[in-house]
>>> print(open('upload-v8.txt').read())   # compact mmCIF, C-alpha atoms
# COMPACT_ATOMS: atom_id res chain seq x y z
CA MET A 1 0.00 0.00 0.00
CA MET A 2 1.01 3.61 -0.48
CA HIS A 3 0.50 6.61 1.77
CA ILE A 4 1.22 10.16 0.62
CA GLU A 5 2.08 12.66 3.35
CA ARG A 6 0.31 16.00 3.59
CA GLY A 7 3.11 18.18 2.10
CA PRO A 8 3.69 16.22 -1.11
CA TRP A 9 -0.03 15.48 -1.44
CA ARG A 10 -0.86 19.20 -1.38
CA GLU A 11 1.85 19.85 -3.99
CA MET A 12 0.54 17.11 -6.27
CA VAL A 13 -3.05 18.35 -6.06
CA ASN A 14 -1.98 21.95 -6.63
CA HIS A 15 0.12 20.85 -9.61
CA ALA A 16 -2.76 18.89 -11.12
CA GLN A 17 -5.21 21.77 -10.64
CA ALA A 18 -2.76 24.39 -11.97
CA ALA A 19 -2.07 22.34 -15.10
CA PHE A 20 -5.79 21.86 -15.85
CA PRO A 21 -7.07 21.41 -18.57
CA ASN A 22 -3.73 19.78 -19.40
CA GLU A 23 -2.17 16.75 -17.77
CA CYS A 24 0.65 17.26 -15.28
CA CYS A 25 3.31 14.77 -14.22
CA GLY A 26 5.98 14.30 -11.61
CA ALA A 27 7.96 11.90 -9.43
CA MET A 28 7.34 10.71 -5.87
CA LEU A 29 10.16 10.07 -3.43
CA GLY A 30 9.91 8.49 -0.03
CA THR A 31 10.54 5.36 2.00
CA ILE A 32 9.70 1.70 1.56
CA ASP A 33 9.17 -0.72 4.44
CA GLY A 34 8.21 -4.12 3.05
CA ASP A 35 5.00 -3.58 1.07
CA SER A 36 4.39 -0.21 2.71
CA LYS A 37 5.45 2.90 0.78
CA THR A 38 5.35 6.44 2.17
CA VAL A 39 5.71 9.43 -0.15
CA THR A 40 7.49 12.30 1.59
CA VAL A 41 8.57 14.40 -1.41
CA ALA A 42 6.80 15.21 -4.68
CA LEU A 43 8.85 16.55 -7.57
CA ALA A 44 6.87 18.36 -10.26
CA LEU A 45 8.40 17.55 -13.66
CA ASP A 46 7.74 18.92 -17.15
CA ASN A 47 5.14 17.34 -19.38
CA VAL A 48 7.06 17.23 -22.68
CA SER A 49 4.41 15.46 -24.74
CA GLU A 50 4.22 17.13 -28.15
CA GLY A 51 0.89 18.50 -29.32
CA SER A 52 -2.13 18.76 -27.05
CA GLN A 53 -1.44 17.80 -23.43
CA ARG A 54 -5.12 17.56 -22.49
CA ALA A 55 -4.94 13.78 -22.58
CA ARG A 56 -1.22 13.02 -22.88
CA TYR A 57 1.93 13.29 -20.81
CA GLU A 58 5.53 12.32 -21.33
CA LEU A 59 8.50 12.59 -18.99
CA ARG A 60 12.05 13.30 -20.11
CA PRO A 61 14.33 10.39 -19.08
CA GLU A 62 16.86 13.05 -18.09
CA ASP A 63 14.36 14.43 -15.58
CA LEU A 64 13.83 10.95 -14.15
CA LEU A 65 17.60 10.57 -13.88
CA ARG A 66 17.69 13.88 -11.99
CA ALA A 67 14.85 12.72 -9.72
CA ASP A 68 16.73 9.49 -8.95
CA LYS A 69 19.85 11.50 -8.09
CA GLU A 70 17.81 13.75 -5.83
CA ALA A 71 16.36 10.71 -4.06
CA ARG A 72 19.86 9.33 -3.47
CA ALA A 73 21.07 12.69 -2.16
CA ARG A 74 18.15 12.83 0.30
CA LYS A 75 18.61 9.15 1.31
CA LEU A 76 15.16 8.41 -0.07
CA ASP A 77 13.82 5.99 -2.64
CA MET A 78 12.14 6.91 -5.90
CA ILE A 79 8.89 5.04 -5.52
CA GLY A 80 6.46 6.35 -8.08
CA ILE A 81 5.22 8.60 -10.83
CA TYR A 82 2.11 10.76 -10.72
CA HIS A 83 0.05 12.39 -13.43
CA SER A 84 -3.40 13.90 -13.80
CA HIS A 85 -6.48 13.01 -15.81
CA PRO A 86 -8.39 16.23 -16.59
CA ASP A 87 -12.18 15.81 -16.74
CA CYS A 88 -12.07 12.04 -16.44
CA ASP A 89 -11.59 9.37 -13.82
CA ALA A 90 -8.31 8.03 -12.43
CA TYR A 91 -8.30 4.81 -14.45
CA PHE A 92 -5.14 3.33 -15.96
CA SER A 93 -5.77 3.84 -19.66
CA GLU A 94 -4.42 1.70 -22.48
CA THR A 95 -2.05 4.58 -23.26
CA ASP A 96 -0.88 4.65 -19.63
CA LEU A 97 -0.34 0.90 -19.75
CA LYS A 98 1.56 0.79 -23.06
CA ASN A 99 3.95 3.51 -21.92
CA SER A 100 4.42 2.35 -18.33
CA CYS A 101 7.27 0.78 -16.41
CA PRO A 102 6.68 -2.02 -13.88
CA TRP A 103 9.27 -0.68 -11.46
CA TYR A 104 7.10 2.07 -10.00
CA SER A 105 3.68 2.89 -8.58
CA PHE A 106 1.62 5.17 -10.83
CA VAL A 107 -0.68 7.59 -9.04
CA ILE A 108 -3.37 9.26 -11.15
CA LEU A 109 -5.25 12.33 -9.93
CA SER A 110 -8.66 12.94 -11.44
CA VAL A 111 -9.45 16.65 -11.86
CA TYR A 112 -12.92 17.80 -12.93
CA ASP A 113 -13.51 21.45 -13.90
CA GLY A 114 -10.12 22.32 -12.43
CA VAL A 115 -10.84 20.80 -9.01
CA PHE A 116 -9.32 17.57 -7.62
CA ASN A 117 -11.90 14.79 -7.48
CA HIS A 118 -10.24 11.46 -6.59
CA ALA A 119 -7.03 9.46 -7.06
CA ASN A 120 -5.88 5.88 -7.60
CA SER A 121 -2.52 4.13 -7.59
CA TRP A 122 -1.64 1.43 -10.12
CA LEU A 123 1.06 -1.22 -10.48
CA PRO A 124 1.61 -2.23 -14.15
CA ASN A 125 3.23 -5.55 -15.07
CA ALA A 126 6.45 -5.95 -17.10
CA GLU A 127 4.58 -6.98 -20.25
CA GLN A 128 2.51 -3.77 -20.13
CA THR A 129 -0.67 -5.83 -20.42
CA HIS A 130 -2.24 -5.33 -17.00
CA ALA A 131 -2.17 -3.01 -14.00
CA GLU A 132 -3.27 -3.86 -10.45
CA LYS A 133 -4.87 -1.23 -8.27
CA GLU A 134 -2.78 -0.47 -5.19
CA GLU A 135 -4.28 0.71 -1.89
CA LEU A 136 -3.67 4.45 -1.64
CA THR A 137 -4.23 6.82 1.29
CA TRP A 138 -3.68 10.55 1.73
CA PRO A 139 -4.67 13.19 4.33
CA LYS A 140 -8.37 13.84 3.84
CA SER A 141 -8.51 17.23 5.57
CA MET B 1 35.64 -0.13 -12.11
CA ALA B 2 32.63 1.80 -13.39
CA GLN B 3 29.67 2.18 -11.08
CA VAL B 4 26.15 1.13 -12.07
CA LEU B 5 23.36 2.91 -10.17
CA ILE B 6 20.53 0.48 -9.45
CA PRO B 7 16.97 1.94 -9.41
CA THR B 8 15.15 1.41 -6.10
CA PRO B 9 12.72 -1.33 -7.29
CA LEU B 10 15.55 -3.39 -8.81
CA ARG B 11 17.81 -3.41 -5.74
CA GLN B 12 16.05 -6.51 -4.46
CA PHE B 13 17.61 -8.33 -7.42
CA ALA B 14 21.13 -7.00 -6.73
CA ASP B 15 21.66 -8.05 -3.10
CA LYS B 16 19.88 -4.82 -2.03
CA GLN B 17 22.77 -2.67 -3.26
CA ASP B 18 22.02 0.81 -4.64
CA THR B 19 25.32 0.91 -6.55
CA VAL B 20 27.31 -1.95 -8.06
CA GLU B 21 30.89 -1.78 -9.34
CA VAL B 22 31.19 -3.77 -12.57
CA PRO B 23 34.32 -4.47 -14.64
CA GLY B 24 34.25 -3.88 -18.39
CA ARG B 25 35.38 -1.54 -21.14
CA THR B 26 32.09 -1.09 -22.99
CA ILE B 27 28.44 -0.69 -22.00
CA GLY B 28 27.70 -4.07 -23.59
CA ASP B 29 30.39 -5.78 -21.48
CA ILE B 30 29.21 -4.15 -18.29
CA LEU B 31 25.51 -4.92 -18.77
CA ALA B 32 26.34 -8.52 -19.67
CA THR B 33 28.48 -8.94 -16.56
CA LEU B 34 25.95 -7.18 -14.35
CA THR B 35 23.06 -9.35 -15.50
CA SER B 36 25.02 -12.60 -15.36
CA THR B 37 26.04 -11.75 -11.79
CA TYR B 38 22.43 -10.88 -10.93
CA PRO B 39 20.21 -12.96 -13.27
CA GLU B 40 16.96 -11.56 -11.85
CA LEU B 41 18.05 -8.13 -13.08
CA ARG B 42 18.28 -9.51 -16.60
CA LYS B 43 14.51 -10.18 -16.80
CA ASN B 44 13.81 -6.62 -15.75
CA ILE B 45 16.22 -4.96 -18.15
CA PHE B 46 16.20 -7.21 -21.24
CA ASN B 47 13.34 -8.84 -23.15
CA ASP B 48 13.27 -12.47 -24.31
CA GLU B 49 15.27 -11.52 -27.42
CA GLY B 50 18.06 -10.12 -25.28
CA LYS B 51 17.31 -6.51 -26.23
CA LEU B 52 16.75 -3.70 -23.76
CA ARG B 53 13.08 -3.59 -22.83
CA SER B 54 11.15 -0.81 -24.56
CA PHE B 55 10.89 1.23 -21.37
CA VAL B 56 14.59 0.98 -20.43
CA ASN B 57 17.16 3.68 -21.19
CA VAL B 58 20.82 3.43 -20.21
CA TYR B 59 22.86 6.54 -19.49
CA LEU B 60 26.64 6.79 -19.40
CA ASN B 61 27.14 9.68 -17.02
CA ASP B 62 24.59 12.17 -18.44
CA GLU B 63 24.42 10.79 -21.97
CA ASP B 64 21.93 8.36 -23.45
CA ILE B 65 23.96 5.44 -24.88
CA ARG B 66 21.77 5.42 -28.01
CA TYR B 67 23.62 8.59 -29.11
CA ILE B 68 27.16 7.51 -28.18
CA GLY B 69 27.52 4.06 -29.71
CA LYS B 70 24.96 1.97 -27.80
CA ASP B 71 26.55 -1.28 -26.50
CA ALA B 72 29.93 -0.31 -27.98
CA ALA B 73 30.16 2.93 -25.98
CA ARG B 74 33.52 3.02 -24.20
CA VAL B 75 33.49 3.14 -20.42
CA LEU B 76 36.17 4.44 -18.06
CA ASP B 77 36.65 3.34 -14.45
CA THR B 78 35.42 6.75 -13.28
CA ASP B 79 32.17 6.55 -15.24
CA ILE B 80 28.70 6.18 -13.78
CA ILE B 81 26.03 4.16 -15.58
CA SER B 82 22.34 4.72 -14.84
CA ILE B 83 19.29 2.66 -15.77
CA VAL B 84 16.38 5.02 -16.41
CA PRO B 85 12.84 4.21 -17.56
CA SER B 86 10.85 5.82 -20.37
CA ILE B 87 7.47 6.88 -19.05
CA ALA B 88 4.49 8.49 -20.77
CA GLY B 89 0.74 8.04 -20.93
CA GLY B 90 -2.52 9.89 -20.78
CA SER B 91 -6.21 9.54 -20.25
CA LEU B 92 -7.09 9.07 -23.92
CA VAL B 93 -7.43 5.36 -24.60
>>> encode(input="upload-v8.txt", output="structure tokens")
Amino acid sequence: MMHIERGPWREMVNHAQAAFPNECCGAMLGTIDGDSKTVTVALALDNVSEGSQRARYELRPEDLLRADKEARARKLDMIGIYHSHPDCDAYFSETDLKNSCPWYSFVILSVYDGVFNHANSWLPNAEQTHAEKEELTWPKS
Amino acid sequence: MAQVLIPTPLRQFADKQDTVEVPGRTIGDILATLTSTYPELRKNIFNDEGKLRSFVNVYLNDEDIRYIGKDAARVLDTDIISIVPSIAGGSLV
């Protein structure tokens, strides 16, 4: 399961709402204890998808390399990627699946009319054919 | 020896190390030695045809090996090799 602490959660929601009606994306750093992951830092990264970003995102590998270095410098683990789905639910789309990586949790924030609505976390497999929903918690107030 | 930085989720397949020193003079040599030493890493990095999986990029210091000779890229003992995923997506099916 994954828990996102208040600070990074607020940053992720603000990022998703600010990017609306486009998709945003970023990396999540934190700690892992067995099956329990805690996100303590959110890093907003550029969406470099060409053309309309209303339903697409793409991360630069160089930015992911930088995020990994930052995690090492902070003695944290890079544990996931987040992005937003403007005006639709937080499902793991076929596009998400075909461009995923099984090493990380993928948190999707659903934003309707510019306001956060709900979120889910997903764990794709190595063959990019299926993603399991992962239990996700965040501060509700 | 060059250092290979192991991404967090793959450390379980490399004796929980975050960095591994691997001998070799080219990227191809080093990845072959790394994945023969830690066979579970191989399944995560290479597909059944022995090619890098579609979502795997390899960086020599700050350069993507695809632009500096791929497997033949020369490696010095002071170099750092990183394994970095490609990630994209979007709500449109």
>>> closest_atom_pairs(input="upload-v8.txt", of="chain A", to="chain B", cutoff="6 Å", atoms="only C-alpha atoms", output="Markdown table")
| residue | atom | partner | partner_atom | distance |
| --- | --- | --- | --- | --- |
| A:Ala55 | CA | B:Gly90 | CA | 4.9 |
| A:Arg56 | CA | B:Gly90 | CA | 4.0 |
| A:Tyr57 | CA | B:Gly89 | CA | 5.4 |
| A:Glu58 | CA | B:Ala88 | CA | 4.0 |
| A:Leu59 | CA | B:Ile87 | CA | 5.8 |
| A:Pro61 | CA | B:Ser86 | CA | 5.9 |
| A:Asp77 | CA | B:Thr8 | CA | 5.9 |
| A:His85 | CA | B:Ser91 | CA | 5.6 |
| A:Ser93 | CA | B:Val93 | CA | 5.4 |
| A:Glu94 | CA | B:Val93 | CA | 5.2 |
| A:Thr95 | CA | B:Gly89 | CA | 5.0 |
| A:Asp96 | CA | B:Gly89 | CA | 4.0 |
| A:Asn99 | CA | B:Ala88 | CA | 5.1 |
| A:Ser100 | CA | B:Ile87 | CA | 5.5 |
| A:Trp103 | CA | B:Pro9 | CA | 5.5 |
>>> closest_residue(input="upload-v8.txt", among="A:Lys37, A:Gln53, A:Gln128, A:Ser84", to="Phe116 of chain A", atoms="all atoms listed in the file")
A:Ser84
>>> atom_distance(input="upload-v8.txt", atom1="atom CA of Tyr91 of chain A", atom2="atom CA of Ala67 of chain A")
24.9 Å
>>> residues_around(input="upload-v8.txt", residues="Pro39 of chain B", least_positions_apart="4", cutoff="12 Å", atoms="only C-alpha atoms", output="short mmCIF file (atom, residue, chain, number, x, y, z; two decimals) with C-alpha atoms, keeping the file's coordinate frame")
data_model
loop_
_atom_site.label_atom_id
_atom_site.label_comp_id
_atom_site.auth_asym_id
_atom_site.auth_seq_id
_atom_site.Cartn_x
_atom_site.Cartn_y
_atom_site.Cartn_z
CA LEU B 10 15.55 -3.39 -8.81
CA GLN B 12 16.05 -6.51 -4.46
CA PHE B 13 17.61 -8.33 -7.42
CA ALA B 14 21.13 -7.00 -6.73
CA ASP B 15 21.66 -8.05 -3.10
CA LEU B 31 25.51 -4.92 -18.77
CA ALA B 32 26.34 -8.52 -19.67
CA THR B 33 28.48 -8.94 -16.56
CA LEU B 34 25.95 -7.18 -14.35
CA THR B 35 23.06 -9.35 -15.50
CA LYS B 43 14.51 -10.18 -16.80
CA ASN B 44 13.81 -6.62 -15.75
CA ILE B 45 16.22 -4.96 -18.15
CA PHE B 46 16.20 -7.21 -21.24
#
>>> closest_residue(input="upload-v8.txt", among="A:Ile81, A:Ala18, A:Ala42, A:Leu65", to="Phe106 of chain A", atoms="all atoms listed in the file")
A:Ile81
>>> atom_distance(input="upload-v8.txt", atom1="atom CA of Gln3 of chain B", atom2="atom CA of Asp79 of chain B")
6.5 Å
>>> axis_aligned_box(input="upload-v8.txt", around="segment 10-29 of chain A", padding_each_side="5 Å", output="AutoDock Vina command-line options")
--center_x 1.5 --center_y 17.2 --center_z -10.4 --size_x 27.2 --size_y 24.3 --size_z 28.0
>>> residues_around(input="upload-v8.txt", residues="Met1 of chain B", least_positions_apart="6", cutoff="8 Å", atoms="only C-alpha atoms", output="number ranges by chain")
B: 21-24, 76-78
>>> closest_atom_pairs(input="upload-v8.txt", of="segment 54-118 of chain A", to="segment 8-16 of chain A", cutoff="12 Å", atoms="only C-alpha atoms", output="Markdown table")
| residue | atom | partner | partner_atom | distance |
| --- | --- | --- | --- | --- |
| A:Arg54 | CA | A:Ala16 | CA | 11.7 |
| A:Ile81 | CA | A:Met12 | CA | 10.7 |
| A:Tyr82 | CA | A:Met12 | CA | 7.9 |
| A:His83 | CA | A:Ala16 | CA | 7.4 |
| A:Ser84 | CA | A:Ala16 | CA | 5.7 |
| A:His85 | CA | A:Ala16 | CA | 8.4 |
| A:Pro86 | CA | A:Ala16 | CA | 8.3 |
| A:Asp87 | CA | A:Ala16 | CA | 11.4 |
| A:Val107 | CA | A:Met12 | CA | 10.0 |
| A:Ile108 | CA | A:Ala16 | CA | 9.6 |
| A:Leu109 | CA | A:Ala16 | CA | 7.1 |
| A:Ser110 | CA | A:Ala16 | CA | 8.4 |
| A:Val111 | CA | A:Ala16 | CA | 7.1 |
| A:Tyr112 | CA | A:Ala16 | CA | 10.4 |
| A:Asp113 | CA | A:Ala16 | CA | 11.4 |
| A:Gly114 | CA | A:Ala16 | CA | 8.2 |
| A:Val115 | CA | A:Ala16 | CA | 8.6 |
| A:Phe116 | CA | A:Val13 | CA | 6.5 |
| A:Asn117 | CA | A:Val13 | CA | 9.6 |
| A:His118 | CA | A:Val13 | CA | 10.0 |
>>> atom_distance(input="upload-v8.txt", atom1="atom CA of Asp29 of chain B", atom2="atom CA of Arg74 of chain B")
9.7 Å
